[in-house]
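Here is the file my_file_29.cif (mmCIF, C-alpha atoms).
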data_model
#
loop_
_atom_site.label_atom_id
_atom_site.label_comp_id
_atom_site.auth_asym_id
_atom_site.auth_seq_id
_atom_site.Cartn_x
_atom_site.Cartn_y
_atom_site.Cartn_z
CA MET A 957 17.69 -10.77 30.45
CA LYS A 958 18.36 -13.40 27.87
CA GLY A 959 14.77 -13.74 26.72
CA THR A 960 14.24 -10.20 25.49
CA THR A 961 17.34 -9.06 23.65
CA SER A 962 16.94 -7.15 20.45
CA ALA A 963 19.08 -8.17 17.51
CA ALA A 964 20.80 -4.79 17.47
CA ALA A 965 21.90 -5.15 21.11
CA ARG A 966 23.80 -8.29 20.07
CA GLY A 967 25.40 -6.55 17.09
CA LEU A 968 23.10 -8.43 14.73
CA CYS A 969 21.30 -6.68 11.96
CA SER A 970 18.25 -7.88 10.04
CA CYS A 971 18.33 -7.06 6.33
CA HIS A 972 15.47 -4.75 5.39
CA VAL A 973 15.02 -6.50 2.04
CA CYS A 974 15.37 -10.24 2.68
CA ARG A 975 15.33 -10.20 6.50
CA LEU A 976 18.45 -12.35 6.84
CA VAL A 977 20.13 -11.72 10.18
CA SER A 978 23.85 -11.07 9.97
CA ARG A 979 26.59 -9.58 12.11
CA LYS A 980 27.43 -5.91 11.64
CA SER A 981 29.91 -3.83 13.58
CA ARG A 982 28.33 -0.68 14.92
CA PHE A 983 31.19 1.58 13.85
CA SER A 984 32.45 0.10 10.62
CA GLU A 985 31.81 1.40 7.12
CA PRO A 986 28.63 0.34 5.31
CA ALA A 987 28.12 -3.44 5.36
CA HIS A 988 26.08 -5.41 2.87
CA CYS A 989 23.73 -8.31 3.30
CA PRO A 990 25.52 -11.56 2.39
CA ARG A 991 22.36 -12.93 0.79
CA CYS A 992 20.82 -10.11 -1.24
CA GLY A 993 23.48 -7.40 -1.25
CA ALA A 994 21.33 -4.64 0.28
CA THR A 995 23.07 -2.13 2.55
CA LEU A 996 22.56 -3.09 6.18
CA HIS A 997 21.13 -0.66 8.73
CA PHE A 998 20.27 -1.40 12.34
CA ARG A 999 17.37 1.08 12.03
CA LYS A 1000 15.93 2.93 9.06
CA PRO A 1001 18.38 5.81 8.53
CA GLY A 1002 17.06 9.27 9.49
CA SER A 1003 13.72 7.74 10.36
CA LEU A 1004 12.51 10.37 12.83
CA GLN A 1005 13.67 13.41 10.86
CA ARG A 1006 12.17 12.21 7.58
CA CYS A 1007 8.95 11.12 9.20
CA TRP A 1008 8.57 14.48 10.99
CA ALA A 1009 9.22 16.39 7.77
CA LEU A 1010 6.60 14.40 5.87
CA VAL A 1011 4.05 14.65 8.68
CA ILE A 1012 4.47 18.44 8.99
CA ALA A 1013 4.15 18.84 5.22
CA SER A 1014 0.96 16.75 5.33
CA TYR A 1015 -0.52 18.91 8.11
CA ILE A 1016 0.10 22.01 5.99
CA LEU A 1017 -1.42 20.46 2.85
CA TYR A 1018 -4.35 19.19 4.85
CA ILE A 1019 -5.64 22.78 5.14
CA PRO A 1020 -6.10 23.48 1.40
CA ALA A 1021 -7.31 19.90 0.96
CA ASN A 1022 -10.28 20.71 3.17
CA THR A 1023 -10.93 24.37 2.39
CA LEU A 1024 -10.65 24.31 -1.40
CA VAL A 1025 -13.15 22.82 -3.84
CA MET A 1026 -12.85 19.07 -4.38
CA MET A 1027 -15.52 18.60 -7.04
CA GLU A 1028 -17.67 20.89 -9.18
CA THR A 1029 -20.93 19.46 -10.41
CA GLY A 1030 -23.02 21.31 -12.94
CA SER A 1031 -26.17 20.47 -14.86
CA LEU A 1032 -29.02 22.40 -16.49
CA LEU A 1033 -30.68 23.04 -13.17
CA THR A 1034 -28.05 22.95 -10.49
CA TYR A 1035 -24.49 23.95 -9.91
CA ARG A 1036 -22.53 22.81 -6.87
CA ARG A 1037 -19.00 23.33 -5.63
CA ASP A 1038 -18.19 20.83 -2.92
CA THR A 1039 -15.32 20.59 -0.47
CA ILE A 1040 -14.64 17.14 0.98
CA VAL A 1041 -16.81 17.74 4.04
CA SER A 1042 -19.67 19.46 2.19
CA GLY A 1043 -19.62 16.61 -0.33
CA VAL A 1044 -20.13 14.10 2.48
CA ALA A 1045 -22.88 16.29 3.99
CA HIS A 1046 -24.63 16.48 0.62
CA LEU A 1047 -24.51 12.71 0.23
CA TRP A 1048 -26.01 12.34 3.70
CA LYS A 1049 -28.81 14.82 2.99
CA THR A 1050 -29.73 13.23 -0.32
CA GLY A 1051 -30.19 9.89 1.38
CA SER A 1052 -27.02 8.00 0.35
CA TRP A 1053 -26.14 7.23 3.95
CA LEU A 1054 -23.95 4.24 3.34
CA ILE A 1055 -21.87 6.06 0.73
CA ALA A 1056 -21.69 9.12 2.99
CA VAL A 1057 -20.30 6.99 5.82
CA ILE A 1058 -17.78 5.23 3.54
CA VAL A 1059 -16.54 8.52 2.07
CA PHE A 1060 -16.42 10.12 5.53
CA ILE A 1061 -14.25 7.29 6.89
CA ALA A 1062 -11.92 7.27 3.89
CA SER A 1063 -11.54 11.01 3.36
CA VAL A 1064 -11.96 12.56 6.80
CA ALA A 1065 -11.44 9.99 9.54
CA ILE A 1066 -8.51 8.02 8.12
CA PRO A 1067 -6.27 11.00 7.16
CA LEU A 1068 -6.81 12.63 10.56
CA LEU A 1069 -6.31 9.38 12.42
CA LYS A 1070 -3.11 8.80 10.45
CA LEU A 1071 -1.68 12.25 11.11
CA PHE A 1072 -2.51 12.18 14.83
CA SER A 1073 -1.23 8.62 15.27
CA LEU A 1074 2.06 9.36 13.54
CA THR A 1075 2.50 12.53 15.62
CA LEU A 1076 1.83 10.57 18.80
CA LEU A 1077 4.28 7.84 17.77
CA LEU A 1078 6.96 10.37 16.87
CA PHE A 1079 6.57 12.24 20.17
CA SER A 1080 6.62 9.07 22.25
CA VAL A 1081 9.72 7.74 20.48
CA GLN A 1082 11.52 11.04 20.81
CA ARG A 1083 10.77 11.19 24.53
CA ARG A 1084 12.09 7.61 24.74
CA SER A 1085 8.86 6.55 26.34
CA ALA A 1086 8.78 2.95 27.54
CA SER A 1087 5.06 2.76 28.19
CA ARG A 1088 2.69 0.52 26.24
CA PRO A 1089 5.08 -0.44 23.41
CA ARG A 1090 2.79 -3.22 22.27
CA GLN A 1091 -0.20 -0.92 21.86
CA ARG A 1092 1.91 1.65 20.04
CA THR A 1093 3.21 -1.00 17.65
CA ARG A 1094 -0.35 -2.09 17.04
CA LEU A 1095 -1.31 1.52 16.32
CA TYR A 1096 1.50 1.74 13.80
CA ARG A 1097 0.36 -1.44 12.07
CA MET A 1098 -3.16 -0.07 11.84
CA VAL A 1099 -1.92 3.18 10.29
CA GLU A 1100 0.06 1.13 7.76
CA LEU A 1101 -3.00 -0.96 6.94
CA VAL A 1102 -5.70 1.67 6.50
CA GLY A 1103 -3.66 4.48 4.94
CA ARG A 1104 -4.27 3.47 1.35
CA TRP A 1105 -8.07 3.70 1.64
CA SER A 1106 -7.88 7.50 1.65
CA MET A 1107 -7.30 7.30 -2.09
CA LEU A 1108 -11.00 6.52 -2.47
CA ASP A 1109 -12.13 10.09 -3.13
CA ILE A 1110 -9.40 10.62 -5.71
CA TYR A 1111 -10.66 7.63 -7.70
CA VAL A 1112 -14.28 8.75 -7.41
CA VAL A 1113 -13.44 12.26 -8.65
CA THR A 1114 -11.36 10.84 -11.51
CA LEU A 1115 -14.10 8.49 -12.70
CA LEU A 1116 -16.88 11.06 -12.42
CA ALA A 1117 -14.90 13.90 -14.00
CA ALA A 1118 -13.94 11.67 -16.92
CA LEU A 1119 -17.36 10.18 -17.48
CA VAL A 1120 -19.72 13.08 -16.95
CA GLN A 1121 -18.73 15.37 -19.81
CA LEU A 1122 -22.05 16.00 -21.52
CA GLY A 1123 -21.67 19.70 -22.29
CA SER A 1124 -24.58 21.73 -20.98
CA MET A 1125 -26.48 18.65 -19.82
CA ALA A 1126 -24.10 17.74 -17.04
CA THR A 1127 -20.44 18.16 -16.20
CA VAL A 1128 -18.25 17.15 -13.30
CA LYS A 1129 -14.85 18.74 -12.75
CA ALA A 1130 -12.12 17.94 -10.26
CA GLY A 1131 -11.19 20.94 -8.11
CA PRO A 1132 -7.82 22.09 -6.73
CA ALA A 1133 -8.45 20.32 -3.41
CA ALA A 1134 -7.99 17.00 -5.21
CA VAL A 1135 -4.30 17.82 -5.79
CA ALA A 1136 -3.77 18.87 -2.17
CA PHE A 1137 -5.65 15.84 -0.86
CA GLY A 1138 -3.77 13.46 -3.15
CA SER A 1139 -0.50 14.92 -1.84
CA VAL A 1140 -1.62 14.40 1.76
CA VAL A 1141 -2.34 10.74 1.02
CA VAL A 1142 0.99 10.17 -0.72
CA LEU A 1143 3.05 12.07 1.86
CA THR A 1144 1.46 10.30 4.82
CA MET A 1145 2.08 6.96 3.12
CA PHE A 1146 5.75 7.86 2.74
CA ALA A 1147 5.81 9.07 6.37
CA THR A 1148 4.44 5.69 7.49
CA MET A 1149 7.11 3.87 5.48
CA GLU A 1150 9.89 6.03 6.94
CA PHE A 1151 8.83 5.44 10.54
CA ASP A 1152 10.71 2.56 12.14
CA PRO A 1153 8.53 0.72 14.70
CA ARG A 1154 11.64 -0.84 16.26
CA LEU A 1155 12.43 2.60 17.71
CA ILE A 1156 9.37 2.13 19.94
CA TRP A 1157 11.10 -0.85 21.58
CA ASP A 1158 14.63 0.52 21.85
CA PRO A 1159 14.09 2.47 25.11
CA LEU A 1160 13.42 -0.90 26.76
CA GLN A 1161 17.02 -1.88 26.01
CA LYS A 1162 18.43 1.40 27.34
CA GLU A 1163 20.75 1.67 24.35
CA GLU A 1164 20.71 3.82 21.26
CA PHE A 1165 20.90 2.56 17.72
CA HIS A 1166 20.46 4.97 14.91
CA ASP A 1167 21.72 4.34 11.38
CA MET B 95 12.91 -26.75 1.02
CA VAL B 96 16.51 -26.78 2.08
CA ASP B 97 17.25 -28.50 5.32
CA ARG B 98 19.40 -26.44 7.63
CA PRO B 99 19.89 -25.83 11.34
CA ALA B 100 17.55 -23.43 13.08
CA GLN B 101 18.64 -19.90 12.41
CA LEU B 102 18.09 -16.60 14.12
CA ILE B 103 15.49 -14.14 12.99
CA ALA B 104 14.76 -10.62 14.19
CA CYS B 105 11.21 -9.30 14.41
CA HIS B 106 10.71 -6.58 11.80
CA ASP B 107 8.50 -4.57 14.15
CA CYS B 108 10.38 -4.78 17.45
CA ASP B 109 13.79 -6.34 16.59
CA LEU B 110 13.44 -9.13 19.16
CA LEU B 111 15.92 -11.88 18.41
CA GLN B 112 14.21 -15.25 18.09
CA ARG B 113 14.91 -18.72 16.83
CA ASP B 114 13.38 -19.80 13.56
CA ILE B 115 11.54 -23.09 14.11
CA PRO B 116 9.88 -25.34 11.53
CA LEU B 117 6.11 -24.94 11.36
CA ASN B 118 3.31 -27.28 10.41
CA PRO B 119 1.72 -26.44 7.06
CA GLY B 120 -0.68 -23.51 7.26
CA CYS B 121 0.67 -22.33 10.62
CA THR B 122 1.96 -18.88 11.45
CA ALA B 123 4.81 -17.81 13.72
CA SER B 124 4.21 -14.59 15.65
CA CYS B 125 6.65 -12.47 17.59
CA ARG B 126 6.70 -13.36 21.28
CA ARG B 127 7.01 -9.72 22.32
CA CYS B 128 4.94 -7.58 19.93
CA GLY B 129 2.73 -10.12 18.17
CA ALA B 130 3.86 -9.33 14.61
CA VAL B 131 3.55 -12.14 12.10
CA LEU B 132 7.11 -13.34 11.53
CA TYR B 133 6.58 -15.99 8.90
CA ARG B 134 4.12 -18.60 7.73
CA ASN B 135 4.44 -22.07 6.40
CA ALA B 136 2.40 -21.32 3.31
CA THR B 137 1.42 -24.52 1.57
CA ASP B 138 2.49 -24.70 -2.09
CA SER B 139 3.32 -21.02 -1.94
CA VAL B 140 4.98 -20.89 -5.36
CA ASP B 141 2.37 -22.94 -7.22
CA ARG B 142 -0.60 -21.15 -5.76
CA THR B 143 0.79 -17.65 -6.12
CA LEU B 144 1.76 -18.36 -9.72
CA ALA B 145 -1.72 -19.65 -10.52
CA TYR B 146 -3.41 -16.64 -8.96
CA THR B 147 -0.98 -14.28 -10.67
CA LEU B 148 -1.55 -15.71 -14.14
CA ALA B 149 -5.32 -15.61 -13.68
CA ALA B 150 -5.07 -12.06 -12.36
CA GLY B 151 -3.00 -11.08 -15.39
CA MET B 152 -5.75 -12.16 -17.76
CA LEU B 153 -8.41 -10.32 -15.80
CA PHE B 154 -6.17 -7.28 -15.64
CA LEU B 155 -6.23 -7.12 -19.44
CA GLY B 156 -10.00 -7.39 -19.47
CA ALA B 157 -10.29 -4.78 -16.74
CA ASN B 158 -8.27 -2.31 -18.77
CA LEU B 159 -9.59 -2.98 -22.26
CA PHE B 160 -13.32 -2.74 -21.56
CA PRO B 161 -15.34 0.21 -20.29
CA VAL B 162 -15.95 0.45 -16.55
CA PHE B 163 -19.43 1.78 -16.99
CA SER B 164 -21.40 4.05 -19.27
CA ILE B 165 -24.14 6.59 -18.70
CA GLN B 166 -27.07 7.46 -20.89
CA VAL B 167 -28.80 10.84 -21.00
CA GLN B 168 -31.48 11.45 -23.62
CA GLY B 169 -29.89 9.12 -26.12
CA ASP B 170 -26.45 10.56 -25.45
CA ARG B 171 -24.16 7.78 -24.32
CA SER B 172 -20.80 8.18 -22.65
CA ALA B 173 -18.53 5.31 -21.66
CA ILE B 174 -15.02 5.18 -20.19
CA THR B 175 -12.25 2.74 -19.67
CA LEU B 176 -9.91 3.24 -16.74
CA PHE B 177 -7.11 4.47 -18.98
CA GLY B 178 -9.60 6.70 -20.78
CA ALA B 179 -10.43 8.28 -17.42
CA VAL B 180 -6.74 8.86 -16.69
CA LEU B 181 -6.28 10.44 -20.11
CA SER B 182 -9.35 12.60 -19.79
CA LEU B 183 -8.19 13.95 -16.45
CA TRP B 184 -4.79 14.73 -17.96
CA GLU B 185 -6.49 16.72 -20.72
CA GLN B 186 -8.57 18.60 -18.17
CA GLY B 187 -5.31 19.84 -16.66
CA MET B 188 -5.27 17.69 -13.49
CA LYS B 189 -1.98 16.14 -14.48
CA SER B 190 -0.74 15.22 -11.01
CA ILE B 191 -3.99 13.44 -10.11
CA SER B 192 -4.05 11.73 -13.47
CA LEU B 193 -0.49 10.49 -12.91
CA LEU B 194 -1.28 9.36 -9.36
CA VAL B 195 -4.25 7.31 -10.56
CA PHE B 196 -2.24 5.87 -13.43
CA ILE B 197 0.58 4.77 -11.13
CA THR B 198 -1.55 3.30 -8.34
CA ALA B 199 -4.30 1.70 -10.43
CA ILE B 200 -2.56 0.61 -13.63
CA PHE B 201 1.23 0.79 -13.54
CA VAL B 202 1.97 -0.71 -10.12
CA PRO B 203 -0.51 -3.63 -10.39
CA ALA B 204 0.89 -4.42 -13.86
CA LEU B 205 4.47 -4.28 -12.60
CA GLU B 206 3.54 -6.43 -9.63
CA LEU B 207 1.97 -9.11 -11.81
CA LEU B 208 4.89 -9.08 -14.25
CA SER B 209 7.51 -9.28 -11.48
CA LEU B 210 5.71 -12.13 -9.76
CA THR B 211 5.49 -14.06 -13.01
CA TYR B 212 9.13 -13.35 -13.82
CA LEU B 213 10.18 -14.66 -10.40
CA LEU B 214 7.85 -17.58 -9.90
CA LEU B 215 7.68 -19.14 -13.36
CA PRO B 216 11.42 -19.98 -13.46
CA ILE B 217 11.33 -21.13 -9.82
CA ARG B 218 8.47 -23.44 -10.70
CA LEU B 219 10.60 -24.87 -13.52
CA GLY B 220 13.59 -25.26 -11.23
CA LEU B 221 15.57 -22.35 -12.64
CA VAL B 222 16.99 -19.24 -11.03
CA PRO B 223 15.59 -16.00 -12.51
CA PRO B 224 18.53 -13.69 -13.32
CA GLY B 225 18.64 -10.53 -11.22
CA TYR B 226 16.00 -11.88 -8.87
CA SER B 227 17.07 -9.79 -5.90
CA ARG B 228 16.34 -6.60 -7.81
CA PHE B 229 12.85 -7.87 -8.64
CA MET B 230 12.22 -8.89 -5.04
CA ARG B 231 13.27 -5.43 -3.93
CA THR B 232 11.01 -3.77 -6.50
CA LEU B 233 8.09 -5.92 -5.38
CA GLN B 234 8.67 -4.97 -1.77
CA PHE B 235 8.95 -1.28 -2.63
CA ILE B 236 5.86 -1.02 -4.85
CA GLU B 237 3.63 -3.27 -2.76
CA PRO B 238 1.90 -0.46 -0.77
CA TRP B 239 1.19 1.52 -3.95
CA GLY B 240 -0.97 -1.02 -5.74
CA MET B 241 -4.50 0.00 -4.83
CA VAL B 242 -6.84 -2.08 -6.96
CA GLU B 243 -9.13 -2.84 -4.00
CA VAL B 244 -9.48 0.87 -3.21
CA LEU B 245 -10.21 1.57 -6.88
CA MET B 246 -12.88 -1.13 -6.75
CA LEU B 247 -14.62 0.62 -3.87
CA GLY B 248 -14.20 3.94 -5.70
CA MET B 249 -15.98 2.45 -8.69
CA LEU B 250 -18.88 1.29 -6.54
CA VAL B 251 -19.18 4.69 -4.87
CA SER B 252 -19.13 6.41 -8.28
CA LEU B 253 -21.74 3.99 -9.52
CA VAL B 254 -24.12 4.84 -6.68
CA LYS B 255 -23.49 8.57 -7.11
CA LEU B 256 -24.22 8.34 -10.82
CA THR B 257 -27.45 6.37 -10.44
CA ASN B 258 -28.98 9.40 -8.69
CA ASN B 259 -28.90 11.37 -11.94
CA PHE B 260 -28.32 9.00 -14.83
CA LYS B 261 -29.13 5.65 -16.26
CA VAL B 262 -25.91 3.72 -15.62
CA ILE B 263 -24.84 0.59 -17.48
CA PRO B 264 -22.10 -1.40 -15.73
CA GLY B 265 -19.33 -2.52 -18.12
CA MET B 266 -17.19 -5.63 -18.40
CA ALA B 267 -14.31 -3.94 -16.61
CA LEU B 268 -16.37 -3.48 -13.47
CA TRP B 269 -16.84 -7.25 -13.11
CA SER B 270 -13.23 -7.89 -14.11
CA PHE B 271 -12.01 -5.50 -11.43
CA GLY B 272 -14.20 -7.22 -8.87
CA VAL B 273 -12.64 -10.62 -9.56
CA LEU B 274 -9.18 -9.09 -9.99
CA THR B 275 -9.42 -7.65 -6.48
CA LEU B 276 -10.09 -11.10 -5.06
CA LEU B 277 -7.32 -12.75 -7.08
CA LEU B 278 -4.75 -10.13 -6.08
CA ALA B 279 -5.69 -10.60 -2.44
CA ALA B 280 -5.33 -14.37 -2.85
CA ALA B 281 -1.94 -13.97 -4.55
CA ALA B 282 -0.72 -11.64 -1.79
CA ALA B 283 -1.92 -14.06 0.87
CA SER B 284 -0.22 -17.11 -0.65
CA PHE B 285 3.05 -15.39 -1.64
CA SER B 286 5.89 -15.95 0.78
CA ALA B 287 8.93 -13.76 0.16
CA ARG B 288 10.80 -15.80 2.75
CA ASP B 289 10.38 -18.99 0.74
CA VAL B 290 11.67 -17.31 -2.42
CA TRP B 291 14.75 -15.95 -0.65
CA GLU B 292 15.52 -19.30 0.89
CA ARG B 293 15.07 -21.24 -2.30
CA LEU B 294 17.24 -18.86 -4.27
CA ASP B 295 19.90 -18.27 -1.62
CA PRO B 296 23.21 -18.91 -3.40
CA ARG B 297 24.76 -20.16 -0.17
CA SER B 298 22.16 -22.88 0.38
CA ARG B 299 22.31 -23.83 -3.29
CA GLY B 300 25.94 -24.63 -2.70
CA GLU B 301 27.30 -22.00 -5.05
CA THR B 302 29.29 -18.88 -4.41
CA LYS B 303 27.71 -15.55 -4.98
CA PRO B 304 28.77 -13.89 -8.25
#

How would this structure read if it were set down as structure tokens?
Amino acid sequence: MKGTTSAAARGLCSCHVCRLVSRKSRFSEPAHCPRCGATLHFRKPGSLQRCWALVIASYILYIPANTLVMMETGSLLTYRRDTIVSGVAHLWKTGSWLIAVIVFIASVAIPLLKLFSLTLLLFSVQRRSASRPRQRTRLYRMVELVGRWSMLDIYVVTLLAALVQLGSMATVKAGPAAVAFGSVVVLTMFATMEFDPRLIWDPLQKEEFHD
Amino acid sequence: MVDRPAQLIACHDCDLLQRDIPLNPGCTASCRRCGAVLYRNATDSVDRTLAYTLAAGMLFLGANLFPVFSIQVQGDRSAITLFGAVLSLWEQGMKSISLLVFITAIFVPALELLSLTYLLLPIRLGLVPPGYSRFMRTLQFIEPWGMVEVLMLGMLVSLVKLTNNFKVIPGMALWSFGVLTLLLAAAAASFSARDVWERLDPRSRGETKP
């Protein structure tokens, strides 16, 4: 099958920094890229283990991120303590539909979608599944693309908490959920970076390359 | 561009080995198997990216020196700059969040703009920037962490939330961030890491690597 060989199957390794393809023996000591000097790896080292660890940690942190208070709002007349979901619900009820939808997508839909997608990808790679590699690669690219937008709520809380400090008139404070949620965003971004999409395609070659 | 025989490239998403062919200007090569974008023939990549980067640098200063917006309640006025917001959050005890915002909204974009200028300005003048591979690596590593466009949306959401209760006056920084978002997107779209590597490759320059 000349048309569909992976570089690794030919003993060729693409540099993860400058993408130059060079020859690397599969058993020799660490080799370096002749162009940029980076250490060559056929696949991201420890990809699955690291990605699993980060994903599991994110699942655990996702619980306090949603149960604890994200933002406290106080004024002369009202006092509210909002979690992420109740904050979205409040926006919806007060008529800011567009903002409610944007915040819902960024803070609820994207983190969940990311965690589930990464779990699915990890399972399928570990089972050496050969089905629908193209769709799974596309899923990975989507996770990579949308992940950053979850930071939205963190920025909103930061700006509001810093600006609305008018003593008894009105105050906004960031709650402990902000820390947990921020960690979920950062950890899932690292998990996405650690995952190597080439592992999706390796079962098609019926050979194993780790390292 | 250096003329050399077609070389092999491997898809970064599926590792399919393919032959690198010359493209017409503005065209894109995609992976035959998984559809990933392999490379583009970006027209005037260096010139355009440098222009966008320098413009973005100026707006970045404006975006950080002026207040984002201010609110007014019974004559009481409160305004913040982005860095002021980071500082205020730090003082309120949310140090990790404050640090996260500082890194993603101020530090990484600044580092990105500086690295791009450091790399592209000498290339434009026909020189080789010393230690360029380290800068290229840094750029690649920090790229996902620059989130100016997300911050921009965050500012708009905050603005709408605030208008429910306060009289809000948009500041200079809000407009600067709006334009900065566009310029950073333009710079990212015109930058071609592949071109930089090929231009600076010591082997194609006919020198030996130090």

- Counting all atoms listed in the file, collect the residues of chain A whose closest atom lies at most 7 Å from chain B, and write them out as an NGL selection string. :A and (960-963 or 970 or 973-974 or 977 or 991-992 or 1055 or 1090 or 1105 or 1107-1109 or 1111-1112 or 1114-1116 or 1118-1119 or 1135 or 1138 or 1153-1154 or 1157)

Same residues, C-alpha atoms, output as a PDB file, keeping the file's coordinate frame:
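Output below, filename again18.pdb:
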ATOM      1  CA  THR A 960      14.240 -10.200  25.490  1.00  0.00           C
ATOM      2  CA  THR A 961      17.340  -9.060  23.650  1.00  0.00           C
ATOM      3  CA  SER A 962      16.940  -7.150  20.450  1.00  0.00           C
ATOM      4  CA  ALA A 963      19.080  -8.170  17.510  1.00  0.00           C
ATOM      5  CA  SER A 970      18.250  -7.880  10.040  1.00  0.00           C
ATOM      6  CA  VAL A 973      15.020  -6.500   2.040  1.00  0.00           C
ATOM      7  CA  CYS A 974      15.370 -10.240   2.680  1.00  0.00           C
ATOM      8  CA  VAL A 977      20.130 -11.720  10.180  1.00  0.00           C
ATOM      9  CA  ARG A 991      22.360 -12.930   0.790  1.00  0.00           C
ATOM     10  CA  CYS A 992      20.820 -10.110  -1.240  1.00  0.00           C
ATOM     11  CA  ILE A1055     -21.870   6.060   0.730  1.00  0.00           C
ATOM     12  CA  ARG A1090       2.790  -3.220  22.270  1.00  0.00           C
ATOM     13  CA  TRP A1105      -8.070   3.700   1.640  1.00  0.00           C
ATOM     14  CA  MET A1107      -7.300   7.300  -2.090  1.00  0.00           C
ATOM     15  CA  LEU A1108     -11.000   6.520  -2.470  1.00  0.00           C
ATOM     16  CA  ASP A1109     -12.130  10.090  -3.130  1.00  0.00           C
ATOM     17  CA  TYR A1111     -10.660   7.630  -7.700  1.00  0.00           C
ATOM     18  CA  VAL A1112     -14.280   8.750  -7.410  1.00  0.00           C
ATOM     19  CA  THR A1114     -11.360  10.840 -11.510  1.00  0.00           C
ATOM     20  CA  LEU A1115     -14.100   8.490 -12.700  1.00  0.00           C
ATOM     21  CA  LEU A1116     -16.880  11.060 -12.420  1.00  0.00           C
ATOM     22  CA  ALA A1118     -13.940  11.670 -16.920  1.00  0.00           C
ATOM     23  CA  LEU A1119     -17.360  10.180 -17.480  1.00  0.00           C
ATOM     24  CA  VAL A1135      -4.300  17.820  -5.790  1.00  0.00           C
ATOM     25  CA  GLY A1138      -3.770  13.460  -3.150  1.00  0.00           C
ATOM     26  CA  PRO A1153       8.530   0.720  14.700  1.00  0.00           C
ATOM     27  CA  ARG A1154      11.640  -0.840  16.260  1.00  0.00           C
ATOM     28  CA  TRP A1157      11.100  -0.850  21.580  1.00  0.00           C
TER      29      TRP A1157
END

- Item | Distance query Ser1063 of chain A at most 10 Å, only C-alpha atoms, self and fewer than 4 positions along chain excluded, as a PyMOL selection string | chain A and resi 1022+1040-1041+1044+1057-1059+1067-1068+1105-1110+1137+1141

- Task: Determine the nearest neighbour of Thr137 of chain B from the options B:Ser209, B:Asn118, B:Asn158, B:Thr275, counting only C-alpha atoms.
- Result: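 The closest residue to Thr137 of chain B is B:Asn118.
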
Listed atoms of segment 1036-1041 of chain A boxed along x, y and z, 8 Å each side, centre and edge lengths in Å, one decimal, as lines of an AutoDock Vina configuration file:
center_x = -18.6
center_y = 20.2
center_z = -1.4
size_x = 23.9
size_y = 22.2
size_z = 26.9

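You will find atom CA of Leu1077 of chain A at 7.0 Å from atom CA of Arg1092 of chain A.
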
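As for atom CA of Gly993 of chain A and atom CA of Cys971 of chain A, they are spaced 9.2 Å apart.
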
- Task: Please write as a list in words the full residue list that the PyMOL selection byres ((chain B and resi 145) around 12) yields on this file.
- Result: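 With the PyMOL selection byres ((chain B and resi 145) around 12) on this model, the match is Asp138, Ser139, Val140, Asp141, Arg142, Thr143, Leu144, Tyr146, Thr147, Leu148, Ala149, Ala150, Gly151, Met152, Leu207, Leu210, Thr211, Leu214, Leu215, Arg218, Leu277, Leu278, Ala280, Ala281, Ala282, Ser284 and Phe285 of chain B.
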
Saved selection, atoms kept: C-alpha atoms, as a PDB file, in the coordinates of the input:
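Output file again-v8.pdb is given in full below:
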ATOM      1  CA  ASP B 138       2.490 -24.700  -2.090  1.00  0.00           C
ATOM      2  CA  SER B 139       3.320 -21.020  -1.940  1.00  0.00           C
ATOM      3  CA  VAL B 140       4.980 -20.890  -5.360  1.00  0.00           C
ATOM      4  CA  ASP B 141       2.370 -22.940  -7.220  1.00  0.00           C
ATOM      5  CA  ARG B 142      -0.600 -21.150  -5.760  1.00  0.00           C
ATOM      6  CA  THR B 143       0.790 -17.650  -6.120  1.00  0.00           C
ATOM      7  CA  LEU B 144       1.760 -18.360  -9.720  1.00  0.00           C
ATOM      8  CA  TYR B 146      -3.410 -16.640  -8.960  1.00  0.00           C
ATOM      9  CA  THR B 147      -0.980 -14.280 -10.670  1.00  0.00           C
ATOM     10  CA  LEU B 148      -1.550 -15.710 -14.140  1.00  0.00           C
ATOM     11  CA  ALA B 149      -5.320 -15.610 -13.680  1.00  0.00           C
ATOM     12  CA  ALA B 150      -5.070 -12.060 -12.360  1.00  0.00           C
ATOM     13  CA  GLY B 151      -3.000 -11.080 -15.390  1.00  0.00           C
ATOM     14  CA  MET B 152      -5.750 -12.160 -17.760  1.00  0.00           C
ATOM     15  CA  LEU B 207       1.970  -9.110 -11.810  1.00  0.00           C
ATOM     16  CA  LEU B 210       5.710 -12.130  -9.760  1.00  0.00           C
ATOM     17  CA  THR B 211       5.490 -14.060 -13.010  1.00  0.00           C
ATOM     18  CA  LEU B 214       7.850 -17.580  -9.900  1.00  0.00           C
ATOM     19  CA  LEU B 215       7.680 -19.140 -13.360  1.00  0.00           C
ATOM     20  CA  ARG B 218       8.470 -23.440 -10.700  1.00  0.00           C
ATOM     21  CA  LEU B 277      -7.320 -12.750  -7.080  1.00  0.00           C
ATOM     22  CA  LEU B 278      -4.750 -10.130  -6.080  1.00  0.00           C
ATOM     23  CA  ALA B 280      -5.330 -14.370  -2.850  1.00  0.00           C
ATOM     24  CA  ALA B 281      -1.940 -13.970  -4.550  1.00  0.00           C
ATOM     25  CA  ALA B 282      -0.720 -11.640  -1.790  1.00  0.00           C
ATOM     26  CA  SER B 284      -0.220 -17.110  -0.650  1.00  0.00           C
ATOM     27  CA  PHE B 285       3.050 -15.390  -1.640  1.00  0.00           C
TER      28      PHE B 285
END

- Message: Would you pick out the contacts of Met266 of chain B at 8 Å or less, using all atoms listed in the file, so that residues sharing its chain but fewer than 2 positions from it are not included, and give the list as a list of chain:residue names?
- Response: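 My list of contacting residues is B:Gly156, B:Ala157, B:Phe160, B:Pro161, B:Val162, B:Phe163, B:Pro264, B:Leu268, B:Trp269, B:Ser270.
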